[in-house]
file protein_5.cif (mmCIF, N, CA and C atoms)
data_model
loop_
_atom_site.group_PDB
_atom_site.id
_atom_site.type_symbol
_atom_site.label_atom_id
_atom_site.label_comp_id
_atom_site.auth_asym_id
_atom_site.auth_seq_id
_atom_site.Cartn_x
_atom_site.Cartn_y
_atom_site.Cartn_z
ATOM 1 N N MET A 1 0.845 -1.181 0.000
ATOM 2 C CA MET A 1 0.000 0.000 0.000
ATOM 3 C C MET A 1 0.889 1.243 0.000
ATOM 4 N N THR A 2 0.630 2.160 -0.917
ATOM 5 C CA THR A 2 1.387 3.390 -1.025
ATOM 6 C C THR A 2 0.678 4.507 -0.284
ATOM 7 N N LEU A 3 1.426 5.283 0.470
ATOM 8 C CA LEU A 3 0.841 6.416 1.165
ATOM 9 C C LEU A 3 0.567 7.540 0.179
ATOM 10 N N ALA A 4 -0.558 8.211 0.368
ATOM 11 C CA ALA A 4 -0.925 9.313 -0.517
ATOM 12 C C ALA A 4 -0.106 10.556 -0.174
ATOM 13 N N ILE A 5 0.177 11.348 -1.177
ATOM 14 C CA ILE A 5 0.842 12.638 -0.992
ATOM 15 C C ILE A 5 -0.234 13.632 -0.569
ATOM 16 N N ARG A 6 -0.025 14.286 0.553
ATOM 17 C CA ARG A 6 -0.991 15.213 1.134
ATOM 18 C C ARG A 6 -0.762 16.608 0.550
ATOM 19 N N VAL A 7 -1.824 17.189 -0.013
ATOM 20 C CA VAL A 7 -1.719 18.447 -0.749
ATOM 21 C C VAL A 7 -2.541 19.541 -0.078
ATOM 22 N N LEU A 8 -1.963 20.734 -0.001
ATOM 23 C CA LEU A 8 -2.657 21.946 0.430
ATOM 24 C C LEU A 8 -2.832 22.830 -0.793
ATOM 25 N N LEU A 9 -4.068 23.300 -1.031
ATOM 26 C CA LEU A 9 -4.351 24.201 -2.144
ATOM 27 C C LEU A 9 -4.668 25.589 -1.599
ATOM 28 N N ALA A 10 -4.092 26.617 -2.206
ATOM 29 C CA ALA A 10 -4.396 27.993 -1.812
ATOM 30 C C ALA A 10 -4.568 28.856 -3.052
ATOM 31 N N ASP A 11 -5.744 29.445 -3.155
ATOM 32 C CA ASP A 11 -6.027 30.374 -4.242
ATOM 33 C C ASP A 11 -7.247 31.177 -3.817
ATOM 34 N N ASP A 12 -7.300 32.444 -4.210
ATOM 35 C CA ASP A 12 -8.419 33.279 -3.797
ATOM 36 C C ASP A 12 -9.680 33.042 -4.627
ATOM 37 N N HIS A 13 -9.576 32.230 -5.655
ATOM 38 C CA HIS A 13 -10.740 31.905 -6.482
ATOM 39 C C HIS A 13 -11.278 30.533 -6.079
ATOM 40 N N THR A 14 -12.489 30.523 -5.533
ATOM 41 C CA THR A 14 -13.098 29.281 -5.054
ATOM 42 C C THR A 14 -13.198 28.239 -6.159
ATOM 43 N N LEU A 15 -13.616 28.642 -7.343
ATOM 44 C CA LEU A 15 -13.779 27.701 -8.445
ATOM 45 C C LEU A 15 -12.451 27.042 -8.826
ATOM 46 N N VAL A 16 -11.375 27.803 -8.775
ATOM 47 C CA VAL A 16 -10.050 27.249 -9.072
ATOM 48 C C VAL A 16 -9.693 26.186 -8.034
ATOM 49 N N ARG A 17 -9.871 26.513 -6.750
ATOM 50 C CA ARG A 17 -9.558 25.544 -5.691
ATOM 51 C C ARG A 17 -10.400 24.285 -5.819
ATOM 52 N N GLN A 18 -11.704 24.463 -6.026
ATOM 53 C CA GLN A 18 -12.596 23.308 -6.103
ATOM 54 C C GLN A 18 -12.268 22.416 -7.299
ATOM 55 N N THR A 19 -11.982 23.038 -8.428
ATOM 56 C CA THR A 19 -11.653 22.269 -9.627
ATOM 57 C C THR A 19 -10.341 21.511 -9.451
ATOM 58 N N LEU A 20 -9.324 22.197 -8.930
ATOM 59 C CA LEU A 20 -8.047 21.518 -8.681
ATOM 60 C C LEU A 20 -8.219 20.370 -7.694
ATOM 61 N N ALA A 21 -8.999 20.592 -6.641
ATOM 62 C CA ALA A 21 -9.222 19.543 -5.643
ATOM 63 C C ALA A 21 -9.890 18.322 -6.278
ATOM 64 N N GLN A 22 -10.888 18.558 -7.135
ATOM 65 C CA GLN A 22 -11.567 17.444 -7.800
ATOM 66 C C GLN A 22 -10.608 16.666 -8.687
ATOM 67 N N VAL A 23 -9.785 17.373 -9.431
ATOM 68 C CA VAL A 23 -8.840 16.713 -10.331
ATOM 69 C C VAL A 23 -7.789 15.941 -9.529
ATOM 70 N N LEU A 24 -7.212 16.595 -8.532
ATOM 71 C CA LEU A 24 -6.156 15.947 -7.749
ATOM 72 C C LEU A 24 -6.670 14.755 -6.961
ATOM 73 N N ASN A 25 -7.891 14.846 -6.435
ATOM 74 C CA ASN A 25 -8.445 13.742 -5.655
ATOM 75 C C ASN A 25 -8.786 12.529 -6.513
ATOM 76 N N GLN A 26 -8.779 12.666 -7.826
ATOM 77 C CA GLN A 26 -8.995 11.526 -8.719
ATOM 78 C C GLN A 26 -7.725 10.697 -8.887
ATOM 79 N N VAL A 27 -6.600 11.261 -8.483
ATOM 80 C CA VAL A 27 -5.325 10.551 -8.557
ATOM 81 C C VAL A 27 -5.142 9.806 -7.234
ATOM 82 N N SER A 28 -5.009 8.502 -7.306
ATOM 83 C CA SER A 28 -4.991 7.693 -6.079
ATOM 84 C C SER A 28 -3.820 8.009 -5.156
ATOM 85 N N SER A 29 -2.751 8.556 -5.688
ATOM 86 C CA SER A 29 -1.581 8.841 -4.849
ATOM 87 C C SER A 29 -1.613 10.248 -4.258
ATOM 88 N N LEU A 30 -2.708 10.999 -4.497
ATOM 89 C CA LEU A 30 -2.833 12.370 -3.977
ATOM 90 C C LEU A 30 -4.107 12.517 -3.165
ATOM 91 N N ILE A 31 -4.049 13.337 -2.120
ATOM 92 C CA ILE A 31 -5.236 13.679 -1.353
ATOM 93 C C ILE A 31 -5.122 15.136 -0.915
ATOM 94 N N VAL A 32 -6.146 15.909 -1.216
ATOM 95 C CA VAL A 32 -6.179 17.310 -0.801
ATOM 96 C C VAL A 32 -6.638 17.337 0.653
ATOM 97 N N VAL A 33 -5.757 17.795 1.542
ATOM 98 C CA VAL A 33 -6.061 17.804 2.975
ATOM 99 C C VAL A 33 -6.563 19.149 3.467
ATOM 100 N N ALA A 34 -6.351 20.216 2.678
ATOM 101 C CA ALA A 34 -6.803 21.543 3.107
ATOM 102 C C ALA A 34 -6.848 22.481 1.905
ATOM 103 N N GLU A 35 -7.737 23.463 2.037
ATOM 104 C CA GLU A 35 -7.838 24.534 1.050
ATOM 105 C C GLU A 35 -7.802 25.860 1.795
ATOM 106 N N ALA A 36 -7.271 26.879 1.148
ATOM 107 C CA ALA A 36 -7.167 28.201 1.765
ATOM 108 C C ALA A 36 -7.453 29.268 0.726
ATOM 109 N N ARG A 37 -8.017 30.401 1.182
ATOM 110 C CA ARG A 37 -8.346 31.504 0.282
ATOM 111 C C ARG A 37 -7.202 32.475 0.085
ATOM 112 N N ASN A 38 -6.228 32.454 0.995
ATOM 113 C CA ASN A 38 -5.102 33.391 0.885
ATOM 114 C C ASN A 38 -3.881 32.767 1.548
ATOM 115 N N ALA A 39 -2.762 33.456 1.431
ATOM 116 C CA ALA A 39 -1.502 32.902 1.946
ATOM 117 C C ALA A 39 -1.505 32.799 3.472
ATOM 118 N N ASP A 40 -2.177 33.738 4.149
ATOM 119 C CA ASP A 40 -2.245 33.668 5.608
ATOM 120 C C ASP A 40 -2.982 32.405 6.057
ATOM 121 N N GLU A 41 -4.122 32.126 5.411
ATOM 122 C CA GLU A 41 -4.857 30.897 5.722
ATOM 123 C C GLU A 41 -4.032 29.666 5.355
ATOM 124 N N ALA A 42 -3.286 29.760 4.267
ATOM 125 C CA ALA A 42 -2.454 28.634 3.844
ATOM 126 C C ALA A 42 -1.395 28.310 4.890
ATOM 127 N N LEU A 43 -0.792 29.343 5.452
ATOM 128 C CA LEU A 43 0.215 29.105 6.497
ATOM 129 C C LEU A 43 -0.407 28.411 7.708
ATOM 130 N N ALA A 44 -1.586 28.880 8.122
ATOM 131 C CA ALA A 44 -2.273 28.258 9.258
ATOM 132 C C ALA A 44 -2.655 26.815 8.936
ATOM 133 N N ALA A 45 -3.156 26.584 7.728
ATOM 134 C CA ALA A 45 -3.549 25.231 7.325
ATOM 135 C C ALA A 45 -2.337 24.307 7.234
ATOM 136 N N ALA A 46 -1.212 24.844 6.777
ATOM 137 C CA ALA A 46 0.009 24.034 6.684
ATOM 138 C C ALA A 46 0.475 23.583 8.066
ATOM 139 N N LEU A 47 0.383 24.480 9.028
ATOM 140 C CA LEU A 47 0.764 24.116 10.400
ATOM 141 C C LEU A 47 -0.175 23.063 10.972
ATOM 142 N N LYS A 48 -1.458 23.198 10.677
ATOM 143 C CA LYS A 48 -2.451 22.276 11.218
ATOM 144 C C LYS A 48 -2.432 20.913 10.532
ATOM 145 N N HIS A 49 -2.341 20.898 9.200
ATOM 146 C CA HIS A 49 -2.508 19.659 8.439
ATOM 147 C C HIS A 49 -1.206 19.012 7.988
ATOM 148 N N GLN A 50 -0.089 19.730 8.083
ATOM 149 C CA GLN A 50 1.220 19.183 7.722
ATOM 150 C C GLN A 50 1.222 18.509 6.338
ATOM 151 N N PRO A 51 0.859 19.253 5.287
ATOM 152 C CA PRO A 51 0.847 18.653 3.945
ATOM 153 C C PRO A 51 2.262 18.355 3.460
ATOM 154 N N ASP A 52 2.339 17.467 2.487
ATOM 155 C CA ASP A 52 3.625 17.170 1.869
ATOM 156 C C ASP A 52 3.998 18.228 0.833
ATOM 157 N N ILE A 53 2.968 18.835 0.225
ATOM 158 C CA ILE A 53 3.192 19.832 -0.809
ATOM 159 C C ILE A 53 2.081 20.878 -0.732
ATOM 160 N N ALA A 54 2.413 22.101 -1.108
ATOM 161 C CA ALA A 54 1.418 23.177 -1.162
ATOM 162 C C ALA A 54 1.411 23.766 -2.562
ATOM 163 N N VAL A 55 0.219 23.994 -3.079
ATOM 164 C CA VAL A 55 0.037 24.633 -4.384
ATOM 165 C C VAL A 55 -0.623 25.972 -4.108
ATOM 166 N N LEU A 56 0.126 27.058 -4.325
ATOM 167 C CA LEU A 56 -0.365 28.401 -4.022
ATOM 168 C C LEU A 56 -0.449 29.237 -5.286
ATOM 169 N N GLY A 57 -1.565 29.945 -5.427
ATOM 170 C CA GLY A 57 -1.677 30.908 -6.517
ATOM 171 C C GLY A 57 -0.707 32.049 -6.260
ATOM 172 N N THR A 58 -0.060 32.532 -7.288
ATOM 173 C CA THR A 58 0.959 33.566 -7.089
ATOM 174 C C THR A 58 0.376 34.937 -6.802
ATOM 175 N N ASP A 59 -0.903 35.135 -7.093
ATOM 176 C CA ASP A 59 -1.520 36.433 -6.818
ATOM 177 C C ASP A 59 -2.505 36.366 -5.663
ATOM 178 N N THR A 60 -2.363 35.348 -4.806
ATOM 179 C CA THR A 60 -3.241 35.171 -3.657
ATOM 180 C C THR A 60 -2.999 36.286 -2.648
ATOM 181 N N PRO A 61 -4.085 36.891 -2.117
ATOM 182 C CA PRO A 61 -3.931 37.995 -1.156
ATOM 183 C C PRO A 61 -3.250 37.560 0.134
ATOM 184 N N GLY A 62 -2.717 38.537 0.854
ATOM 185 C CA GLY A 62 -2.050 38.275 2.128
ATOM 186 C C GLY A 62 -0.550 38.259 1.936
ATOM 187 N N VAL A 63 0.116 37.462 2.727
ATOM 188 C CA VAL A 63 1.572 37.291 2.605
ATOM 189 C C VAL A 63 1.863 36.860 1.172
ATOM 190 N N ALA A 64 2.908 37.375 0.583
ATOM 191 C CA ALA A 64 3.266 36.983 -0.779
ATOM 192 C C ALA A 64 3.447 35.469 -0.848
ATOM 193 N N ALA A 65 2.891 34.841 -1.874
ATOM 194 C CA ALA A 65 2.931 33.383 -1.986
ATOM 195 C C ALA A 65 4.360 32.858 -1.939
ATOM 196 N N PHE A 66 5.277 33.566 -2.547
ATOM 197 C CA PHE A 66 6.663 33.099 -2.540
ATOM 198 C C PHE A 66 7.280 33.207 -1.150
ATOM 199 N N ASP A 67 6.824 34.159 -0.348
ATOM 200 C CA ASP A 67 7.301 34.263 1.031
ATOM 201 C C ASP A 67 6.694 33.173 1.908
ATOM 202 N N ALA A 68 5.447 32.803 1.587
ATOM 203 C CA ALA A 68 4.771 31.763 2.371
ATOM 204 C C ALA A 68 5.519 30.454 2.225
#
call {"tool": "encode", "arguments": {"input": "protein_5.cif", "output": "structure tokens"}}
result
Amino acid sequence: MTLAIRVLLADDHTLVRQTLAQVLNQVSSLIVVAEARNADEALAAALKHQPDIAVLGTDTPGVAAFDA
């Protein structure tokens, strides 16, 4: 049994997050563990959920995505 890669999604557009989550959750080796509307929420979600990878929109409000 292979462990799934835990993914955090952050983007200020709900439709973008929902669509990415649907696509990623169809891949058996990936699981979306958290979604965030901005970089500040993403940082909090990362601390709480400890994802393996984070996908952040580069124009997401709050802390600059590259700084997050």
call {"tool": "residues_around", "arguments": {"input": "protein_5.cif", "residues": "range 4-15 of chain A", "least_positions_apart": "4", "cutoff": "6.5 Å", "atoms": "all atoms listed in the file", "output": "PyMOL selection string"}}
result
chain A and resi 19-20+28-38+42+50-57+59-61
call {"tool": "write_last_selection", "arguments": {"input": "protein_5.cif", "atoms": "N, CA and C atoms", "output": "tab-separated table (two decimals), in the coordinates of the input"}}
result
chain	number	residue	atom	x	y	z
A	19	THR	N	-11.98	23.04	-8.43
A	19	THR	CA	-11.65	22.27	-9.63
A	19	THR	C	-10.34	21.51	-9.45
A	20	LEU	N	-9.32	22.20	-8.93
A	20	LEU	CA	-8.05	21.52	-8.68
A	20	LEU	C	-8.22	20.37	-7.69
A	28	SER	N	-5.01	8.50	-7.31
A	28	SER	CA	-4.99	7.69	-6.08
A	28	SER	C	-3.82	8.01	-5.16
A	29	SER	N	-2.75	8.56	-5.69
A	29	SER	CA	-1.58	8.84	-4.85
A	29	SER	C	-1.61	10.25	-4.26
A	30	LEU	N	-2.71	11.00	-4.50
A	30	LEU	CA	-2.83	12.37	-3.98
A	30	LEU	C	-4.11	12.52	-3.16
A	31	ILE	N	-4.05	13.34	-2.12
A	31	ILE	CA	-5.24	13.68	-1.35
A	31	ILE	C	-5.12	15.14	-0.92
A	32	VAL	N	-6.15	15.91	-1.22
A	32	VAL	CA	-6.18	17.31	-0.80
A	32	VAL	C	-6.64	17.34	0.65
A	33	VAL	N	-5.76	17.80	1.54
A	33	VAL	CA	-6.06	17.80	2.98
A	33	VAL	C	-6.56	19.15	3.47
A	34	ALA	N	-6.35	20.22	2.68
A	34	ALA	CA	-6.80	21.54	3.11
A	34	ALA	C	-6.85	22.48	1.90
A	35	GLU	N	-7.74	23.46	2.04
A	35	GLU	CA	-7.84	24.53	1.05
A	35	GLU	C	-7.80	25.86	1.80
A	36	ALA	N	-7.27	26.88	1.15
A	36	ALA	CA	-7.17	28.20	1.76
A	36	ALA	C	-7.45	29.27	0.73
A	37	ARG	N	-8.02	30.40	1.18
A	37	ARG	CA	-8.35	31.50	0.28
A	37	ARG	C	-7.20	32.48	0.08
A	38	ASN	N	-6.23	32.45	1.00
A	38	ASN	CA	-5.10	33.39	0.88
A	38	ASN	C	-3.88	32.77	1.55
A	42	ALA	N	-3.29	29.76	4.27
A	42	ALA	CA	-2.45	28.63	3.84
A	42	ALA	C	-1.40	28.31	4.89
A	50	GLN	N	-0.09	19.73	8.08
A	50	GLN	CA	1.22	19.18	7.72
A	50	GLN	C	1.22	18.51	6.34
A	51	PRO	N	0.86	19.25	5.29
A	51	PRO	CA	0.85	18.65	3.94
A	51	PRO	C	2.26	18.36	3.46
A	52	ASP	N	2.34	17.47	2.49
A	52	ASP	CA	3.62	17.17	1.87
A	52	ASP	C	4.00	18.23	0.83
A	53	ILE	N	2.97	18.84	0.22
A	53	ILE	CA	3.19	19.83	-0.81
A	53	ILE	C	2.08	20.88	-0.73
A	54	ALA	N	2.41	22.10	-1.11
A	54	ALA	CA	1.42	23.18	-1.16
A	54	ALA	C	1.41	23.77	-2.56
A	55	VAL	N	0.22	23.99	-3.08
A	55	VAL	CA	0.04	24.63	-4.38
A	55	VAL	C	-0.62	25.97	-4.11
A	56	LEU	N	0.13	27.06	-4.32
A	56	LEU	CA	-0.36	28.40	-4.02
A	56	LEU	C	-0.45	29.24	-5.29
A	57	GLY	N	-1.56	29.94	-5.43
A	57	GLY	CA	-1.68	30.91	-6.52
A	57	GLY	C	-0.71	32.05	-6.26
A	59	ASP	N	-0.90	35.14	-7.09
A	59	ASP	CA	-1.52	36.43	-6.82
A	59	ASP	C	-2.50	36.37	-5.66
A	60	THR	N	-2.36	35.35	-4.81
A	60	THR	CA	-3.24	35.17	-3.66
A	60	THR	C	-3.00	36.29	-2.65
A	61	PRO	N	-4.08	36.89	-2.12
A	61	PRO	CA	-3.93	37.99	-1.16
A	61	PRO	C	-3.25	37.56	0.13
call {"tool": "select_by_dssp", "arguments": {"input": "protein_5.cif", "residues": "range 10-58 of chain A", "states": "strand (DSSP E or B)", "output": "ChimeraX atom specification"}}
result
/A:10,30-36,53-56
call {"tool": "atom_distance", "arguments": {"input": "protein_5.cif", "atom1": "CA of Thr58 in chain A", "atom2": "CA of Leu43 in chain A"}}
result
14.3 Å
call {"tool": "atom_distance", "arguments": {"input": "protein_5.cif", "atom1": "atom C of Val27 in chain A", "atom2": "atom C of Leu3 in chain A"}}
result
9.6 Å
call {"tool": "select_by_dssp", "arguments": {"input": "protein_5.cif", "residues": "chain A", "states": "helix (DSSP H, G or I)", "output": "PyMOL selection string"}}
result
chain A and resi 14-25+39-49
call {"tool": "atom_distance", "arguments": {"input": "protein_5.cif", "atom1": "atom C of Ala45 in chain A", "atom2": "atom N of Gln18 in chain A"}}
result
16.2 Å
